[in-house]
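Below is upload37.pdb, which holds PDB, C-alpha atoms and all ligand atoms.
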```
ATOM      1  CA  MET X 888       0.000   0.000   0.000  1.00  0.00           C
ATOM      2  CA  MET X 889       1.168   3.487  -0.793  1.00  0.00           C
ATOM      3  CA  ASP X 890       2.287   5.689   2.032  1.00  0.00           C
ATOM      4  CA  GLN X 891      -0.750   7.387   3.620  1.00  0.00           C
ATOM      5  CA  LYS X 892       1.021  10.765   3.455  1.00  0.00           C
ATOM      6  CA  GLU X 893       1.521  10.450  -0.295  1.00  0.00           C
ATOM      7  CA  LEU X 894      -2.169   9.596  -0.701  1.00  0.00           C
ATOM      8  CA  ALA X 895      -3.317  12.495   1.508  1.00  0.00           C
ATOM      9  CA  LYS X 896      -1.172  14.953  -0.461  1.00  0.00           C
ATOM     10  CA  LYS X 897      -3.450  14.557  -3.494  1.00  0.00           C
ATOM     11  CA  VAL X 898      -6.731  15.333  -1.706  1.00  0.00           C
ATOM     12  CA  LYS X 899      -8.814  18.208  -3.130  1.00  0.00           C
ATOM     13  CA  LEU X 900     -12.234  17.126  -1.856  1.00  0.00           C
ATOM     14  CA  ILE X 901     -13.161  15.657   1.536  1.00  0.00           C
ATOM     15  CA  ILE X 902     -16.440  13.765   1.822  1.00  0.00           C
ATOM     16  CA  MET X 903     -17.865  13.042   5.256  1.00  0.00           C
ATOM     17  CA  ASP X 904     -20.543  10.808   6.661  1.00  0.00           C
ATOM     18  CA  VAL X 905     -22.675  12.258   9.499  1.00  0.00           C
ATOM     19  CA  ASP X 906     -23.947   9.667  11.977  1.00  0.00           C
ATOM     20  CA  GLY X 907     -21.014   8.081  13.783  1.00  0.00           C
ATOM     21  CA  THR X 908     -18.529  10.291  11.939  1.00  0.00           C
ATOM     22  CA  LEU X 909     -19.432  13.958  12.457  1.00  0.00           C
ATOM     23  CA  SER X 910     -21.674  12.865  15.351  1.00  0.00           C
ATOM     24  CA  ASP X 911     -20.948  10.165  17.907  1.00  0.00           C
ATOM     25  CA  GLY X 912     -23.769   8.118  16.399  1.00  0.00           C
ATOM     26  CA  ARG X 913     -26.113   8.565  19.336  1.00  0.00           C
ATOM     27  CA  PHE X 914     -29.307  10.515  18.970  1.00  0.00           C
ATOM     28  CA  PHE X 915     -32.054  11.530  21.304  1.00  0.00           C
ATOM     29  CA  VAL X 916     -35.498  11.094  19.846  1.00  0.00           C
ATOM     30  CA  LEU X 917     -38.041  13.722  20.866  1.00  0.00           C
ATOM     31  CA  PRO X 918     -41.767  12.894  21.154  1.00  0.00           C
ATOM     32  CA  SER X 919     -42.234  14.752  17.857  1.00  0.00           C
ATOM     33  CA  GLY X 920     -39.962  12.179  16.225  1.00  0.00           C
ATOM     34  CA  GLU X 921     -37.245  14.755  15.698  1.00  0.00           C
ATOM     35  CA  ALA X 922     -33.759  13.604  16.646  1.00  0.00           C
ATOM     36  CA  LEU X 923     -31.100  15.559  18.541  1.00  0.00           C
ATOM     37  CA  LYS X 924     -27.446  14.894  17.799  1.00  0.00           C
ATOM     38  CA  SER X 925     -24.270  16.473  19.074  1.00  0.00           C
ATOM     39  CA  PHE X 926     -21.344  17.744  17.044  1.00  0.00           C
ATOM     40  CA  ASP X 927     -17.793  18.569  17.991  1.00  0.00           C
ATOM     41  CA  VAL X 928     -16.807  22.189  17.517  1.00  0.00           C
ATOM     42  CA  LYS X 929     -13.265  21.035  16.645  1.00  0.00           C
ATOM     43  CA  ASP X 930     -14.579  19.177  13.601  1.00  0.00           C
ATOM     44  CA  GLY X 931     -16.358  22.359  12.511  1.00  0.00           C
ATOM     45  CA  THR X 932     -13.146  24.355  12.758  1.00  0.00           C
ATOM     46  CA  GLY X 933     -11.381  21.707  10.672  1.00  0.00           C
ATOM     47  CA  ILE X 934     -14.014  22.012   7.953  1.00  0.00           C
ATOM     48  CA  ILE X 935     -13.567  25.799   7.931  1.00  0.00           C
ATOM     49  CA  PHE X 936      -9.775  25.338   7.690  1.00  0.00           C
ATOM     50  CA  ALA X 937     -10.194  22.951   4.754  1.00  0.00           C
ATOM     51  CA  GLY X 938     -12.260  25.611   2.997  1.00  0.00           C
ATOM     52  CA  LEU X 939      -9.585  28.235   3.611  1.00  0.00           C
ATOM     53  CA  ALA X 940      -7.052  25.819   2.090  1.00  0.00           C
ATOM     54  CA  ASP X 941      -9.223  25.568  -1.046  1.00  0.00           C
ATOM     55  CA  ILE X 942     -10.139  21.976  -0.334  1.00  0.00           C
ATOM     56  CA  LYS X 943     -13.789  21.265  -1.107  1.00  0.00           C
ATOM     57  CA  THR X 944     -15.942  19.583   1.528  1.00  0.00           C
ATOM     58  CA  ALA X 945     -19.080  17.504   1.137  1.00  0.00           C
ATOM     59  CA  ILE X 946     -21.483  15.674   3.416  1.00  0.00           C
ATOM     60  CA  ILE X 947     -23.330  12.549   2.311  1.00  0.00           C
ATOM     61  CA  THR X 948     -25.806  11.241   4.854  1.00  0.00           C
ATOM     62  CA  GLY X 949     -28.467   8.565   4.790  1.00  0.00           C
ATOM     63  CA  LYS X 950     -30.716  10.499   7.140  1.00  0.00           C
ATOM     64  CA  THR X 951     -32.554  13.774   6.700  1.00  0.00           C
ATOM     65  CA  SER X 952     -32.153  16.444   9.359  1.00  0.00           C
ATOM     66  CA  GLU X 953     -32.752  20.156   9.371  1.00  0.00           C
ATOM     67  CA  ALA X 954     -30.217  20.603  12.178  1.00  0.00           C
ATOM     68  CA  VAL X 955     -27.464  18.862  10.221  1.00  0.00           C
ATOM     69  CA  ARG X 956     -28.361  20.826   7.109  1.00  0.00           C
ATOM     70  CA  ASN X 957     -28.068  24.095   9.079  1.00  0.00           C
ATOM     71  CA  ARG X 958     -24.783  23.049  10.641  1.00  0.00           C
ATOM     72  CA  ALA X 959     -23.392  22.208   7.186  1.00  0.00           C
ATOM     73  CA  LYS X 960     -24.465  25.617   5.952  1.00  0.00           C
ATOM     74  CA  GLU X 961     -22.882  27.386   8.914  1.00  0.00           C
ATOM     75  CA  LEU X 962     -19.570  25.641   8.235  1.00  0.00           C
ATOM     76  CA  HIS X 963     -19.707  26.422   4.512  1.00  0.00           C
ATOM     77  CA  VAL X 964     -19.697  22.767   3.532  1.00  0.00           C
ATOM     78  CA  ASP X 965     -19.703  22.965  -0.269  1.00  0.00           C
ATOM     79  CA  ASP X 966     -22.068  20.101  -1.035  1.00  0.00           C
ATOM     80  CA  TYR X 967     -24.725  18.484   1.107  1.00  0.00           C
ATOM     81  CA  TYR X 968     -26.576  15.291   0.220  1.00  0.00           C
ATOM     82  CA  GLU X 969     -29.177  13.881   2.624  1.00  0.00           C
ATOM     83  CA  GLY X 970     -31.532  10.919   2.597  1.00  0.00           C
ATOM     84  CA  VAL X 971     -29.034   9.049   0.451  1.00  0.00           C
ATOM     85  CA  VAL X 972     -29.572   5.312   0.017  1.00  0.00           C
ATOM     86  CA  ASN X 973     -26.567   4.577  -2.182  1.00  0.00           C
ATOM     87  CA  LYS X 974     -23.624   6.880  -1.525  1.00  0.00           C
ATOM     88  CA  THR X 975     -21.888   6.069  -4.795  1.00  0.00           C
ATOM     89  CA  LYS X 976     -24.403   8.184  -6.729  1.00  0.00           C
ATOM     90  CA  PRO X 977     -23.556  11.544  -5.097  1.00  0.00           C
ATOM     91  CA  PHE X 978     -19.902  10.485  -5.088  1.00  0.00           C
ATOM     92  CA  PHE X 979     -19.860  10.217  -8.887  1.00  0.00           C
ATOM     93  CA  GLU X 980     -21.829  13.475  -9.141  1.00  0.00           C
ATOM     94  CA  LEU X 981     -19.136  15.228  -7.111  1.00  0.00           C
ATOM     95  CA  LEU X 982     -16.334  13.795  -9.264  1.00  0.00           C
ATOM     96  CA  GLU X 983     -18.076  15.200 -12.292  1.00  0.00           C
ATOM     97  CA  LYS X 984     -18.922  18.543 -10.711  1.00  0.00           C
ATOM     98  CA  TYR X 985     -15.339  19.252  -9.658  1.00  0.00           C
ATOM     99  CA  GLU X 986     -13.720  17.303 -12.502  1.00  0.00           C
ATOM    100  CA  LEU X 987     -11.653  15.293 -10.074  1.00  0.00           C
ATOM    101  CA  PRO X 988     -10.210  11.813 -10.381  1.00  0.00           C
ATOM    102  CA  LYS X 989     -11.089   9.445  -7.522  1.00  0.00           C
ATOM    103  CA  GLU X 990      -7.479   9.674  -6.332  1.00  0.00           C
ATOM    104  CA  GLU X 991      -8.038  13.290  -5.302  1.00  0.00           C
ATOM    105  CA  VAL X 992     -10.941  12.534  -3.001  1.00  0.00           C
ATOM    106  CA  ALA X 993     -10.891  11.640   0.706  1.00  0.00           C
ATOM    107  CA  TYR X 994     -13.771   9.985   2.524  1.00  0.00           C
ATOM    108  CA  ILE X 995     -14.254   9.840   6.294  1.00  0.00           C
ATOM    109  CA  GLY X 996     -16.672   7.209   7.552  1.00  0.00           C
ATOM    110  CA  ASP X 997     -17.544   4.780  10.300  1.00  0.00           C
ATOM    111  CA  ASP X 998     -19.722   1.942   9.074  1.00  0.00           C
ATOM    112  CA  ILE X 999     -20.683  -0.450   6.304  1.00  0.00           C
ATOM    113  CA  GLY X1000     -22.782   2.104   4.390  1.00  0.00           C
ATOM    114  CA  ASP X1001     -19.532   3.969   3.722  1.00  0.00           C
ATOM    115  CA  ALA X1002     -17.541   0.961   2.516  1.00  0.00           C
ATOM    116  CA  GLU X1003     -18.293   1.116  -1.182  1.00  0.00           C
ATOM    117  CA  VAL X1004     -17.206   4.732  -1.640  1.00  0.00           C
ATOM    118  CA  MET X1005     -14.273   4.265   0.730  1.00  0.00           C
ATOM    119  CA  GLY X1006     -13.051   1.476  -1.495  1.00  0.00           C
ATOM    120  CA  MET X1007     -12.958   3.853  -4.457  1.00  0.00           C
ATOM    121  CA  VAL X1008     -11.403   7.055  -3.099  1.00  0.00           C
ATOM    122  CA  GLY X1009      -7.720   7.914  -3.048  1.00  0.00           C
ATOM    123  CA  PHE X1010      -7.609   8.459   0.702  1.00  0.00           C
ATOM    124  CA  SER X1011     -10.046   6.683   3.005  1.00  0.00           C
ATOM    125  CA  ALA X1012     -10.149   7.429   6.717  1.00  0.00           C
ATOM    126  CA  ALA X1013     -11.981   5.665   9.535  1.00  0.00           C
ATOM    127  CA  VAL X1014     -12.989   7.249  12.826  1.00  0.00           C
ATOM    128  CA  GLY X1015     -11.389   5.624  15.876  1.00  0.00           C
ATOM    129  CA  ASP X1016     -14.533   3.698  16.788  1.00  0.00           C
ATOM    130  CA  ALA X1017     -15.433   2.675  13.238  1.00  0.00           C
ATOM    131  CA  HIS X1018     -16.580  -0.854  12.449  1.00  0.00           C
ATOM    132  CA  PRO X1019     -13.569  -3.216  12.160  1.00  0.00           C
ATOM    133  CA  LEU X1020     -14.286  -3.869   8.472  1.00  0.00           C
ATOM    134  CA  ILE X1021     -14.137  -0.136   7.790  1.00  0.00           C
ATOM    135  CA  LYS X1022     -10.840   0.160   9.626  1.00  0.00           C
ATOM    136  CA  ARG X1023      -9.482  -2.690   7.546  1.00  0.00           C
ATOM    137  CA  ILE X1024     -10.108  -0.872   4.248  1.00  0.00           C
ATOM    138  CA  SER X1025      -8.898   2.538   5.449  1.00  0.00           C
ATOM    139  CA  HIS X1026      -5.623   4.258   4.671  1.00  0.00           C
ATOM    140  CA  TYR X1027      -5.862   6.193   7.916  1.00  0.00           C
ATOM    141  CA  ILE X1028      -7.481   5.260  11.234  1.00  0.00           C
ATOM    142  CA  ALA X1029      -8.131   8.202  13.534  1.00  0.00           C
ATOM    143  CA  LYS X1030      -7.283   7.961  17.209  1.00  0.00           C
ATOM    144  CA  ARG X1031     -10.263  10.151  17.937  1.00  0.00           C
ATOM    145  CA  TYR X1032     -13.807   8.835  17.796  1.00  0.00           C
ATOM    146  CA  GLY X1033     -16.738   9.867  15.641  1.00  0.00           C
ATOM    147  CA  GLY X1034     -18.303  13.095  16.895  1.00  0.00           C
ATOM    148  CA  ARG X1035     -15.269  13.563  19.144  1.00  0.00           C
ATOM    149  CA  GLY X1036     -12.754  15.193  16.859  1.00  0.00           C
ATOM    150  CA  ALA X1037     -12.000  12.351  14.428  1.00  0.00           C
ATOM    151  CA  VAL X1038     -12.890  14.521  11.437  1.00  0.00           C
ATOM    152  CA  ARG X1039     -10.623  17.299  12.740  1.00  0.00           C
ATOM    153  CA  GLU X1040      -7.766  14.816  13.157  1.00  0.00           C
ATOM    154  CA  VAL X1041      -8.098  13.602   9.564  1.00  0.00           C
ATOM    155  CA  ILE X1042      -8.399  17.131   8.157  1.00  0.00           C
ATOM    156  CA  ASP X1043      -5.360  18.233  10.201  1.00  0.00           C
ATOM    157  CA  PHE X1044      -3.398  15.291   8.775  1.00  0.00           C
ATOM    158  CA  ILE X1045      -4.320  16.275   5.205  1.00  0.00           C
ATOM    159  CA  LEU X1046      -3.528  19.968   5.798  1.00  0.00           C
ATOM    160  CA  ASP X1047      -0.229  19.018   7.466  1.00  0.00           C
ATOM    161  CA  VAL X1048       1.058  16.850   4.618  1.00  0.00           C
ATOM    162  CA  GLN X1049      -0.078  19.441   2.080  1.00  0.00           C
ATOM    163  CA  GLY X1050       1.767  22.191   3.973  1.00  0.00           C
ATOM    164  CA  LYS X1051      -1.357  24.345   4.068  1.00  0.00           C
ATOM    165  CA  TRP X1052      -1.009  26.047   7.445  1.00  0.00           C
ATOM    166  CA  PRO X1053       0.774  29.248   6.331  1.00  0.00           C
ATOM    167  CA  GLU X1054      -1.883  29.803   3.653  1.00  0.00           C
ATOM    168  CA  ILE X1055      -4.696  29.209   6.139  1.00  0.00           C
ATOM    169  CA  PHE X1056      -3.375  31.623   8.755  1.00  0.00           C
ATOM    170  CA  THR X1057      -2.594  34.276   6.173  1.00  0.00           C
ATOM    171  CA  LYS X1058      -6.151  34.020   4.906  1.00  0.00           C
ATOM    172  CA  ILE X1059      -7.633  34.238   8.390  1.00  0.00           C
ATOM    173  CA  LYS X1060      -5.699  37.475   8.949  1.00  0.00           C
ATOM    174  CA  ASN X1061      -6.324  39.099   5.601  1.00  0.00           C
ATOM    175  CA  THR X1062      -9.727  38.025   4.404  1.00  0.00           C
ATOM    176  CA  GLU X1063     -12.712  40.409   4.448  1.00  0.00           C
ATOM    177  CA  ASP X1064     -14.765  38.078   6.605  1.00  0.00           C
ATOM    178  CA  SER X1065     -11.974  37.309   9.055  1.00  0.00           C
ATOM    179  CA  ASP X1066     -14.226  38.397  11.938  1.00  0.00           C
ATOM    180  CA  GLU X1067     -16.853  35.897  10.903  1.00  0.00           C
ATOM    181  CA  ILE X1068     -14.253  33.148  10.539  1.00  0.00           C
ATOM    182  CA  LEU X1069     -12.735  33.935  13.936  1.00  0.00           C
ATOM    183  CA  ARG X1070     -16.168  33.953  15.556  1.00  0.00           C
ATOM    184  CA  LYS X1071     -16.830  30.471  14.220  1.00  0.00           C
ATOM    185  CA  ILE X1072     -13.406  29.152  15.119  1.00  0.00           C
ATOM    186  CA  ASN X1073     -13.583  30.574  18.617  1.00  0.00           C
ATOM    187  CA  SER X1074     -17.109  29.358  19.307  1.00  0.00           C
TER     188      SER X1074
HETATM  189 MG    MG G1101     -22.215   6.554   9.787  1.00  0.00          MG
END
```

Starting from the file, lay out its structure as structure tokens.
Ligand SMILES: [Mg+2]
Amino acid sequence: MMDQKELAKKVKLIIMDVDGTLSDGRFFVLPSGEALKSFDVKDGTGIIFAGLADIKTAIITGKTSEAVRNRAKELHVDDYYEGVVNKTKPFFELLEKYELPKEEVAYIGDDIGDAEVMGMVGFSAAVGDAHPLIKRISHYIAKRYGGRGAVREVIDFILDVQGKWPEIFTKIKNTEDSDEILRKINS
């Protein structure tokens, strides 16, 4: 297998699962049927950093949730797909939209529904508490768990190997909406 750093260097788009990846997989069901989930602010900051480094981000989730949709919007996630049965469909749509080869895509997931796309991307990453089969097919296994900073860890790894930090911090200082970015990062 190729060195995980070499694979991560090519990444221009990061696709993320939600339940068990951006959330810890637990949800509280209200009497109305609506579900509450919790997200890690560190993952959100990582997504903002990826954007500042000109890396596209996308969410593909099997469920439908207004809260997740709003969170994705707040973090400027470029593409959001919900209620997805087969994740390969939006995956191929994204490849076409951004004219990217599979090698330039990363996917972060936790369970069997992610396996097919993870088997196709250039850099696949599992959260620390992912299903063993998912860990087995991943180029990178996070120490952190889903909903507990795993996404941030993977994004940091990609930004590190791509040497993106100077660019990110320059942008935070000089961009017109630096106040807005700082507010989100510091929240
Ligand atoms: Mg999941």

So which residues get picked by the PyMOL selection byres (((not hetatm)) within 8 of (chain G and resi 1101)) here, written as JSON, numbers by chain? {"X": [904, 905, 906, 907, 908, 912, 948, 996, 997, 998, 999, 1000, 1001]}

Given only C-alpha atoms as the counted atoms, nearest of X:Ala940, X:Pro988, X:Thr951, X:Lys960 to Val972 of chain X: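 Answer, going by the shortest atom-to-atom distance: X:Thr951.
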
Selection in question (the file shown): the PyMOL selection byres (((chain X and resi 1007-1021) around 10) and not hetatm). Which residues does it include, as a tab-separated table (two decimals) with C-alpha atoms, in the frame of the given file?
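That gives us part18.tsv:
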```tsv
chain	number	residue	atom	x	y	z
X	891	GLN	CA	-0.75	7.39	3.62
X	892	LYS	CA	1.02	10.76	3.46
X	893	GLU	CA	1.52	10.45	-0.30
X	894	LEU	CA	-2.17	9.60	-0.70
X	895	ALA	CA	-3.32	12.50	1.51
X	896	LYS	CA	-1.17	14.95	-0.46
X	897	LYS	CA	-3.45	14.56	-3.49
X	898	VAL	CA	-6.73	15.33	-1.71
X	901	ILE	CA	-13.16	15.66	1.54
X	902	ILE	CA	-16.44	13.76	1.82
X	903	MET	CA	-17.86	13.04	5.26
X	907	GLY	CA	-21.01	8.08	13.78
X	908	THR	CA	-18.53	10.29	11.94
X	909	LEU	CA	-19.43	13.96	12.46
X	911	ASP	CA	-20.95	10.16	17.91
X	975	THR	CA	-21.89	6.07	-4.80
X	978	PHE	CA	-19.90	10.48	-5.09
X	988	PRO	CA	-10.21	11.81	-10.38
X	989	LYS	CA	-11.09	9.44	-7.52
X	990	GLU	CA	-7.48	9.67	-6.33
X	991	GLU	CA	-8.04	13.29	-5.30
X	992	VAL	CA	-10.94	12.53	-3.00
X	993	ALA	CA	-10.89	11.64	0.71
X	994	TYR	CA	-13.77	9.98	2.52
X	995	ILE	CA	-14.25	9.84	6.29
X	996	GLY	CA	-16.67	7.21	7.55
X	997	ASP	CA	-17.54	4.78	10.30
X	998	ASP	CA	-19.72	1.94	9.07
X	999	ILE	CA	-20.68	-0.45	6.30
X	1000	GLY	CA	-22.78	2.10	4.39
X	1001	ASP	CA	-19.53	3.97	3.72
X	1002	ALA	CA	-17.54	0.96	2.52
X	1003	GLU	CA	-18.29	1.12	-1.18
X	1004	VAL	CA	-17.21	4.73	-1.64
X	1005	MET	CA	-14.27	4.26	0.73
X	1006	GLY	CA	-13.05	1.48	-1.50
X	1022	LYS	CA	-10.84	0.16	9.63
X	1023	ARG	CA	-9.48	-2.69	7.55
X	1024	ILE	CA	-10.11	-0.87	4.25
X	1025	SER	CA	-8.90	2.54	5.45
X	1026	HIS	CA	-5.62	4.26	4.67
X	1027	TYR	CA	-5.86	6.19	7.92
X	1028	ILE	CA	-7.48	5.26	11.23
X	1029	ALA	CA	-8.13	8.20	13.53
X	1030	LYS	CA	-7.28	7.96	17.21
X	1031	ARG	CA	-10.26	10.15	17.94
X	1032	TYR	CA	-13.81	8.84	17.80
X	1033	GLY	CA	-16.74	9.87	15.64
X	1034	GLY	CA	-18.30	13.10	16.90
X	1035	ARG	CA	-15.27	13.56	19.14
X	1036	GLY	CA	-12.75	15.19	16.86
X	1037	ALA	CA	-12.00	12.35	14.43
X	1038	VAL	CA	-12.89	14.52	11.44
X	1040	GLU	CA	-7.77	14.82	13.16
X	1041	VAL	CA	-8.10	13.60	9.56
X	1042	ILE	CA	-8.40	17.13	8.16
X	1045	ILE	CA	-4.32	16.27	5.20
```

Can you turn the PyMOL selection byres (((chain X and resi 1052) around 12) and not hetatm) into a concrete residue list for this file, as a PDB file with C-alpha atoms, in the coordinates of the input?
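Okay, this is what ended up in expr38.pdb:
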```pdb
ATOM      1  CA  GLY X 933     -11.381  21.707  10.672  1.00  0.00           C
ATOM      2  CA  PHE X 936      -9.775  25.338   7.690  1.00  0.00           C
ATOM      3  CA  ALA X 937     -10.194  22.951   4.754  1.00  0.00           C
ATOM      4  CA  LEU X 939      -9.585  28.235   3.611  1.00  0.00           C
ATOM      5  CA  ALA X 940      -7.052  25.819   2.090  1.00  0.00           C
ATOM      6  CA  ASP X 941      -9.223  25.568  -1.046  1.00  0.00           C
ATOM      7  CA  ILE X1042      -8.399  17.131   8.157  1.00  0.00           C
ATOM      8  CA  ASP X1043      -5.360  18.233  10.201  1.00  0.00           C
ATOM      9  CA  PHE X1044      -3.398  15.291   8.775  1.00  0.00           C
ATOM     10  CA  ILE X1045      -4.320  16.275   5.205  1.00  0.00           C
ATOM     11  CA  LEU X1046      -3.528  19.968   5.798  1.00  0.00           C
ATOM     12  CA  ASP X1047      -0.229  19.018   7.466  1.00  0.00           C
ATOM     13  CA  VAL X1048       1.058  16.850   4.618  1.00  0.00           C
ATOM     14  CA  GLN X1049      -0.078  19.441   2.080  1.00  0.00           C
ATOM     15  CA  GLY X1050       1.767  22.191   3.973  1.00  0.00           C
ATOM     16  CA  LYS X1051      -1.357  24.345   4.068  1.00  0.00           C
ATOM     17  CA  PRO X1053       0.774  29.248   6.331  1.00  0.00           C
ATOM     18  CA  GLU X1054      -1.883  29.803   3.653  1.00  0.00           C
ATOM     19  CA  ILE X1055      -4.696  29.209   6.139  1.00  0.00           C
ATOM     20  CA  PHE X1056      -3.375  31.623   8.755  1.00  0.00           C
ATOM     21  CA  THR X1057      -2.594  34.276   6.173  1.00  0.00           C
ATOM     22  CA  LYS X1058      -6.151  34.020   4.906  1.00  0.00           C
ATOM     23  CA  ILE X1059      -7.633  34.238   8.390  1.00  0.00           C
TER      24      ILE X1059
END
```

Pick from X:Arg1039, X:Leu982, X:Ile946, X:Thr932: nearest to Leu1069 of chain X, with only C-alpha atoms counted?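 Under the stated criterion, the closest residue is X:Thr932.
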
Using only C-alpha atoms, determine which residues lie at most 7 Å from Ile934 of chain X, disregarding the query and same-chain residues fewer than 4 positions distant; provide the list as a ChimeraX atom specification. /X:930,938,962

Given all atoms listed in the file as the basis, pick out the residue of X:Leu900, X:Glu961, X:Val971, X:Pro918 nearest to Ile942 of chain X.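 Under the stated criterion, the closest residue is X:Leu900.
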
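If you measure from each of X:Asp1064, X:Ile1072, X:Lys899, X:Asn973 to Asp927 of chain X using all atoms listed in the file, the closest one turns out to be X:Ile1072.
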
Interatomic distance between atom CA of Asp1066 of chain X and atom CA of Lys924 of chain X?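 One can read the atom CA of Asp1066 of chain X to atom CA of Lys924 of chain X distance as 27.6 Å.
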
For a test of reading the model, state the distance in Å between atom CA of Lys950 of chain X and atom CA of Leu987 of chain X, rounded to one decimal.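 Computed distance, atom CA of Lys950 of chain X to atom CA of Leu987 of chain X, equals 26.1 Å.
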
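Here atom CA of Ile935 of chain X stands at a distance of 7.8 Å from atom CA of Ile1068 of chain X.
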